[in-house]
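Structure below is structure-v8.csv: CSV, N, CA and C atoms.
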```
chain,number,residue,atom,x,y,z
A,196,MET,N,11.3,-6.0,-1.1
A,196,MET,CA,11.3,-6.9,-2.2
A,196,MET,C,12.6,-7.0,-2.9
A,197,LYS,N,13.3,-5.9,-2.9
A,197,LYS,CA,14.7,-5.9,-3.5
A,197,LYS,C,15.6,-6.7,-2.7
A,198,LYS,N,15.4,-6.8,-1.4
A,198,LYS,CA,16.3,-7.6,-0.5
A,198,LYS,C,16.2,-9.0,-0.9
A,199,TYR,N,15.0,-9.5,-1.2
A,199,TYR,CA,14.8,-10.9,-1.5
A,199,TYR,C,15.4,-11.3,-2.9
A,200,TYR,N,15.4,-10.3,-3.8
A,200,TYR,CA,16.1,-10.6,-5.1
A,200,TYR,C,17.6,-10.7,-4.9
A,201,THR,N,18.1,-9.9,-4.0
A,201,THR,CA,19.5,-9.9,-3.7
A,201,THR,C,19.9,-11.3,-3.1
A,202,ILE,N,19.1,-11.7,-2.1
A,202,ILE,CA,19.4,-13.0,-1.5
A,202,ILE,C,19.3,-14.1,-2.5
A,203,ILE,N,18.3,-14.1,-3.3
A,203,ILE,CA,18.1,-15.1,-4.3
A,203,ILE,C,19.3,-15.1,-5.3
A,204,ALA,N,19.7,-14.0,-5.7
A,204,ALA,CA,20.9,-13.9,-6.6
A,204,ALA,C,22.1,-14.4,-6.0
A,205,ILE,N,22.4,-14.0,-4.8
A,205,ILE,CA,23.6,-14.5,-4.1
A,205,ILE,C,23.5,-16.0,-3.9
A,206,THR,N,22.3,-16.6,-3.6
A,206,THR,CA,22.1,-18.0,-3.5
A,206,THR,C,22.5,-18.7,-4.8
A,207,PHE,N,22.0,-18.2,-5.9
A,207,PHE,CA,22.3,-18.8,-7.2
A,207,PHE,C,23.7,-18.8,-7.5
A,208,ILE,N,24.4,-17.7,-7.2
A,208,ILE,CA,25.8,-17.5,-7.4
A,208,ILE,C,26.6,-18.5,-6.6
A,209,VAL,N,26.3,-18.7,-5.4
A,209,VAL,CA,27.0,-19.6,-4.5
A,209,VAL,C,26.7,-21.1,-5.0
A,210,LEU,N,25.5,-21.4,-5.3
A,210,LEU,CA,25.2,-22.7,-5.8
A,210,LEU,C,25.9,-23.0,-7.2
A,211,GLY,N,25.9,-22.0,-8.0
A,211,GLY,CA,26.6,-22.2,-9.3
A,211,GLY,C,28.1,-22.4,-9.1
A,212,PHE,N,28.7,-21.6,-8.2
A,212,PHE,CA,30.1,-21.8,-7.9
A,212,PHE,C,30.4,-23.2,-7.3
A,213,GLY,N,29.5,-23.6,-6.4
A,213,GLY,CA,29.7,-24.9,-5.8
A,213,GLY,C,29.6,-26.0,-6.8
A,214,PHE,N,28.6,-25.9,-7.8
A,214,PHE,CA,28.5,-26.9,-8.8
A,214,PHE,C,29.8,-27.0,-9.7
A,215,TYR,N,30.3,-25.8,-10.0
A,215,TYR,CA,31.5,-25.7,-10.8
A,215,TYR,C,32.7,-26.4,-10.1
A,216,TRP,N,32.9,-26.0,-8.8
A,216,TRP,CA,34.0,-26.4,-8.1
A,216,TRP,C,34.0,-27.9,-7.7
A,217,TYR,N,32.8,-28.4,-7.4
A,217,TYR,CA,32.8,-29.8,-6.9
A,217,TYR,C,32.3,-30.8,-7.9
A,218,SER,N,31.8,-30.4,-9.1
A,218,SER,CA,31.3,-31.3,-10.1
A,218,SER,C,31.9,-31.1,-11.4
A,219,TYR,N,31.8,-29.9,-12.0
A,219,TYR,CA,32.3,-29.7,-13.4
A,219,TYR,C,33.8,-29.7,-13.5
A,220,LYS,N,34.5,-29.0,-12.6
A,220,LYS,CA,35.9,-28.9,-12.6
A,220,LYS,C,36.6,-30.3,-12.4
A,221,PRO,N,36.3,-31.1,-11.4
A,221,PRO,CA,36.9,-32.4,-11.3
A,221,PRO,C,36.6,-33.3,-12.5
A,222,LYS,N,35.4,-33.2,-13.0
A,222,LYS,CA,35.1,-34.0,-14.2
A,222,LYS,C,36.0,-33.7,-15.4
A,223,HIS,N,36.2,-32.4,-15.6
A,223,HIS,CA,37.1,-31.9,-16.7
A,223,HIS,C,38.5,-32.3,-16.4
A,224,ILE,N,39.0,-32.2,-15.2
A,224,ILE,CA,40.4,-32.6,-14.9
A,224,ILE,C,40.6,-34.1,-15.1
A,225,ARG,N,39.6,-34.9,-14.6
A,225,ARG,CA,39.8,-36.3,-14.8
A,225,ARG,C,39.8,-36.7,-16.3
A,226,SER,N,39.0,-36.1,-17.1
A,226,SER,CA,39.0,-36.5,-18.5
A,226,SER,C,40.3,-36.0,-19.2
A,227,GLN,N,40.8,-34.8,-18.7
A,227,GLN,CA,42.1,-34.3,-19.3
A,227,GLN,C,43.2,-35.2,-18.9
A,228,CYS,N,43.2,-35.7,-17.6
A,228,CYS,CA,44.3,-36.6,-17.2
A,228,CYS,C,44.2,-37.9,-17.9
A,229,LEU,N,43.1,-38.4,-18.1
A,229,LEU,CA,43.0,-39.7,-18.9
A,229,LEU,C,43.5,-39.5,-20.3
A,230,ALA,N,43.1,-38.4,-20.9
A,230,ALA,CA,43.6,-38.2,-22.3
A,230,ALA,C,45.1,-38.1,-22.3
A,231,GLU,N,45.7,-37.4,-21.3
A,231,GLU,CA,47.2,-37.2,-21.2
A,231,GLU,C,47.8,-38.6,-21.0
A,232,ALA,N,47.2,-39.4,-20.1
A,232,ALA,CA,47.8,-40.7,-19.8
A,232,ALA,C,47.8,-41.6,-21.0
A,233,GLU,N,46.7,-41.6,-21.7
A,233,GLU,CA,46.6,-42.5,-22.9
A,233,GLU,C,47.5,-42.0,-24.0
A,234,SER,N,47.8,-40.7,-24.1
A,234,SER,CA,48.7,-40.3,-25.2
A,234,SER,C,50.1,-40.2,-24.8
A,235,ASN,N,50.4,-40.5,-23.6
A,235,ASN,CA,51.8,-40.4,-23.1
A,235,ASN,C,52.5,-41.8,-23.2
A,236,ASN,N,52.7,-42.2,-24.4
A,236,ASN,CA,53.3,-43.5,-24.7
A,236,ASN,C,54.7,-43.2,-25.3
A,237,SER,N,55.6,-44.0,-24.9
A,237,SER,CA,57.0,-43.9,-25.5
A,237,SER,C,56.9,-44.6,-26.8
A,238,PRO,N,57.4,-43.9,-27.9
A,238,PRO,CA,57.3,-44.6,-29.2
A,238,PRO,C,58.3,-45.7,-29.4
A,239,PHE,N,59.4,-45.8,-28.5
A,239,PHE,CA,60.4,-46.8,-28.7
A,239,PHE,C,60.1,-48.1,-27.9
A,240,SER,N,59.1,-48.1,-27.1
A,240,SER,CA,58.8,-49.3,-26.3
A,240,SER,C,57.5,-49.8,-26.8
A,241,ASN,N,57.4,-51.1,-26.7
A,241,ASN,CA,56.2,-51.8,-27.1
A,241,ASN,C,55.8,-52.7,-26.0
A,242,PRO,N,55.3,-52.2,-24.9
A,242,PRO,CA,55.0,-53.0,-23.7
A,242,PRO,C,53.7,-53.8,-23.9
A,243,SER,N,53.6,-54.9,-23.1
A,243,SER,CA,52.4,-55.7,-23.2
A,243,SER,C,51.2,-54.8,-22.7
A,244,ASN,N,50.0,-55.3,-23.0
A,244,ASN,CA,48.8,-54.6,-22.6
A,244,ASN,C,48.8,-54.3,-21.1
A,245,LYS,N,49.2,-55.3,-20.3
A,245,LYS,CA,49.1,-55.2,-18.9
A,245,LYS,C,50.1,-54.1,-18.4
A,246,GLU,N,51.3,-54.1,-19.0
A,246,GLU,CA,52.3,-53.0,-18.6
A,246,GLU,C,51.8,-51.7,-19.1
A,247,ARG,N,51.2,-51.6,-20.3
A,247,ARG,CA,50.7,-50.3,-20.8
A,247,ARG,C,49.6,-49.8,-19.9
A,248,MET,N,48.7,-50.6,-19.4
A,248,MET,CA,47.6,-50.2,-18.5
A,248,MET,C,48.2,-49.7,-17.2
A,249,GLN,N,49.2,-50.4,-16.7
A,249,GLN,CA,49.9,-50.0,-15.5
A,249,GLN,C,50.5,-48.6,-15.6
A,250,LYS,N,51.2,-48.4,-16.7
A,250,LYS,CA,51.8,-47.1,-17.0
A,250,LYS,C,50.7,-46.0,-17.1
A,251,ILE,N,49.6,-46.3,-17.8
A,251,ILE,CA,48.5,-45.3,-17.9
A,251,ILE,C,47.9,-45.0,-16.5
A,252,ASN,N,47.7,-46.1,-15.7
A,252,ASN,CA,47.1,-45.9,-14.3
A,252,ASN,C,48.1,-45.0,-13.5
A,253,ASP,N,49.4,-45.3,-13.6
A,253,ASP,CA,50.3,-44.6,-12.8
A,253,ASP,C,50.4,-43.1,-13.2
A,254,TYR,N,50.4,-42.9,-14.5
A,254,TYR,CA,50.4,-41.5,-15.0
A,254,TYR,C,49.1,-40.8,-14.6
A,255,TYR,N,48.0,-41.5,-14.7
A,255,TYR,CA,46.7,-40.9,-14.3
A,255,TYR,C,46.7,-40.4,-12.9
A,256,LYS,N,47.2,-41.3,-12.0
A,256,LYS,CA,47.2,-40.9,-10.6
A,256,LYS,C,48.2,-39.8,-10.3
A,257,ILE,N,49.3,-39.7,-11.0
A,257,ILE,CA,50.2,-38.6,-10.9
A,257,ILE,C,49.5,-37.3,-11.3
A,258,CYS,N,48.8,-37.4,-12.4
A,258,CYS,CA,48.2,-36.2,-13.0
A,258,CYS,C,47.1,-35.7,-12.0
A,259,LEU,N,46.3,-36.6,-11.5
A,259,LEU,CA,45.2,-36.2,-10.5
A,259,LEU,C,45.9,-35.6,-9.3
A,260,HIS,N,47.0,-36.1,-8.8
A,260,HIS,CA,47.7,-35.5,-7.7
A,260,HIS,C,48.2,-34.1,-8.0
A,261,ARG,N,48.7,-33.9,-9.2
A,261,ARG,CA,49.2,-32.6,-9.7
A,261,ARG,C,48.1,-31.6,-9.6
A,262,PHE,N,46.9,-32.0,-9.9
A,262,PHE,CA,45.7,-31.0,-9.9
A,262,PHE,C,45.0,-31.0,-8.5
A,263,GLY,N,45.5,-31.8,-7.6
A,263,GLY,CA,45.0,-31.7,-6.2
A,263,GLY,C,43.7,-32.5,-6.0
A,264,LEU,N,43.5,-33.5,-6.9
A,264,LEU,CA,42.2,-34.3,-6.7
A,264,LEU,C,42.5,-35.6,-5.9
A,265,GLU,N,43.7,-36.1,-5.8
A,265,GLU,CA,44.0,-37.3,-5.1
A,265,GLU,C,45.2,-37.0,-4.2
A,266,ASN,N,45.2,-37.7,-3.1
A,266,ASN,CA,46.4,-37.6,-2.1
A,266,ASN,C,47.4,-38.6,-2.5
```

Show this structure as structure tokens.
Amino acid sequence: MKKYYTIIAITFIVLGFGFYWYSYKPKHIRSQCLAEAESNNSPFSNPSNKERMQKINDYYKICLHRFGLEN
């Protein structure tokens, strides 16, 4: 009986780690990168909305690459 509890415990640990690594961690990294990209504005430039969105998208992609989520 103790053997089954050990197997169940190991299974839950592996599933918990898998959830963290493939779901929670990337979600947290994406939200962090988006917040960084939106707050990374130069105070001396006043680009148009299209240019601003392009800068945000570029920085977001760089940030994701830095954390290993995008190639």

Two-atom distance - atom CA of A:Asp253, atom CA of A:Ile224 (Å):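 Between atom CA of A:Asp253 and atom CA of A:Ile224 the gap works out to 15.7 Å.
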
Any idea what's packed within 8 Å of stretch 258-266 of chain A, counting all atoms listed in the file, ignoring anything in its chain fewer than 2 positions away? Could you give it as an mmCIF file with N, CA and C atoms, in the coordinates of the input?
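The result, stored in out15.cif:
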```cif
data_model
loop_
_atom_site.group_PDB
_atom_site.id
_atom_site.type_symbol
_atom_site.label_atom_id
_atom_site.label_comp_id
_atom_site.auth_asym_id
_atom_site.auth_seq_id
_atom_site.Cartn_x
_atom_site.Cartn_y
_atom_site.Cartn_z
ATOM 1 N N PRO A 221 36.300 -31.100 -11.400
ATOM 2 C CA PRO A 221 36.900 -32.400 -11.300
ATOM 3 C C PRO A 221 36.600 -33.300 -12.500
ATOM 4 N N ILE A 224 39.000 -32.200 -15.200
ATOM 5 C CA ILE A 224 40.400 -32.600 -14.900
ATOM 6 C C ILE A 224 40.600 -34.100 -15.100
ATOM 7 N N ARG A 225 39.600 -34.900 -14.600
ATOM 8 C CA ARG A 225 39.800 -36.300 -14.800
ATOM 9 C C ARG A 225 39.800 -36.700 -16.300
ATOM 10 N N GLN A 227 40.800 -34.800 -18.700
ATOM 11 C CA GLN A 227 42.100 -34.300 -19.300
ATOM 12 C C GLN A 227 43.200 -35.200 -18.900
ATOM 13 N N CYS A 228 43.200 -35.700 -17.600
ATOM 14 C CA CYS A 228 44.300 -36.600 -17.200
ATOM 15 C C CYS A 228 44.200 -37.900 -17.900
ATOM 16 N N LEU A 229 43.100 -38.400 -18.100
ATOM 17 C CA LEU A 229 43.000 -39.700 -18.900
ATOM 18 C C LEU A 229 43.500 -39.500 -20.300
ATOM 19 N N ALA A 232 47.200 -39.400 -20.100
ATOM 20 C CA ALA A 232 47.800 -40.700 -19.800
ATOM 21 C C ALA A 232 47.800 -41.600 -21.000
ATOM 22 N N ASN A 252 47.700 -46.100 -15.700
ATOM 23 C CA ASN A 252 47.100 -45.900 -14.300
ATOM 24 C C ASN A 252 48.100 -45.000 -13.500
ATOM 25 N N ASP A 253 49.400 -45.300 -13.600
ATOM 26 C CA ASP A 253 50.300 -44.600 -12.800
ATOM 27 C C ASP A 253 50.400 -43.100 -13.200
ATOM 28 N N TYR A 254 50.400 -42.900 -14.500
ATOM 29 C CA TYR A 254 50.400 -41.500 -15.000
ATOM 30 C C TYR A 254 49.100 -40.800 -14.600
ATOM 31 N N TYR A 255 48.000 -41.500 -14.700
ATOM 32 C CA TYR A 255 46.700 -40.900 -14.300
ATOM 33 C C TYR A 255 46.700 -40.400 -12.900
ATOM 34 N N LYS A 256 47.200 -41.300 -12.000
ATOM 35 C CA LYS A 256 47.200 -40.900 -10.600
ATOM 36 C C LYS A 256 48.200 -39.800 -10.300
#
```

One-decimal distance in Å that lies between atom N of A:Thr206 and atom N of A:His223: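 Distance reported for this atom pair: 24.2 Å.
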
Proximity to A:Asn235 - best of A:Lys250, A:Gly213, A:Lys222, A:Ile203, only N, CA and C atoms: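 Answer, going by the shortest atom-to-atom distance: A:Lys250.
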
Interatomic distance, atom C of A:Ser234 to atom N of A:Ile251 (Å, one decimal): 9.3 Å

Test item, helix (DSSP H, G or I) assignment across chain A, answer as a PyMOL selection string: chain A and resi 197-234+244-261
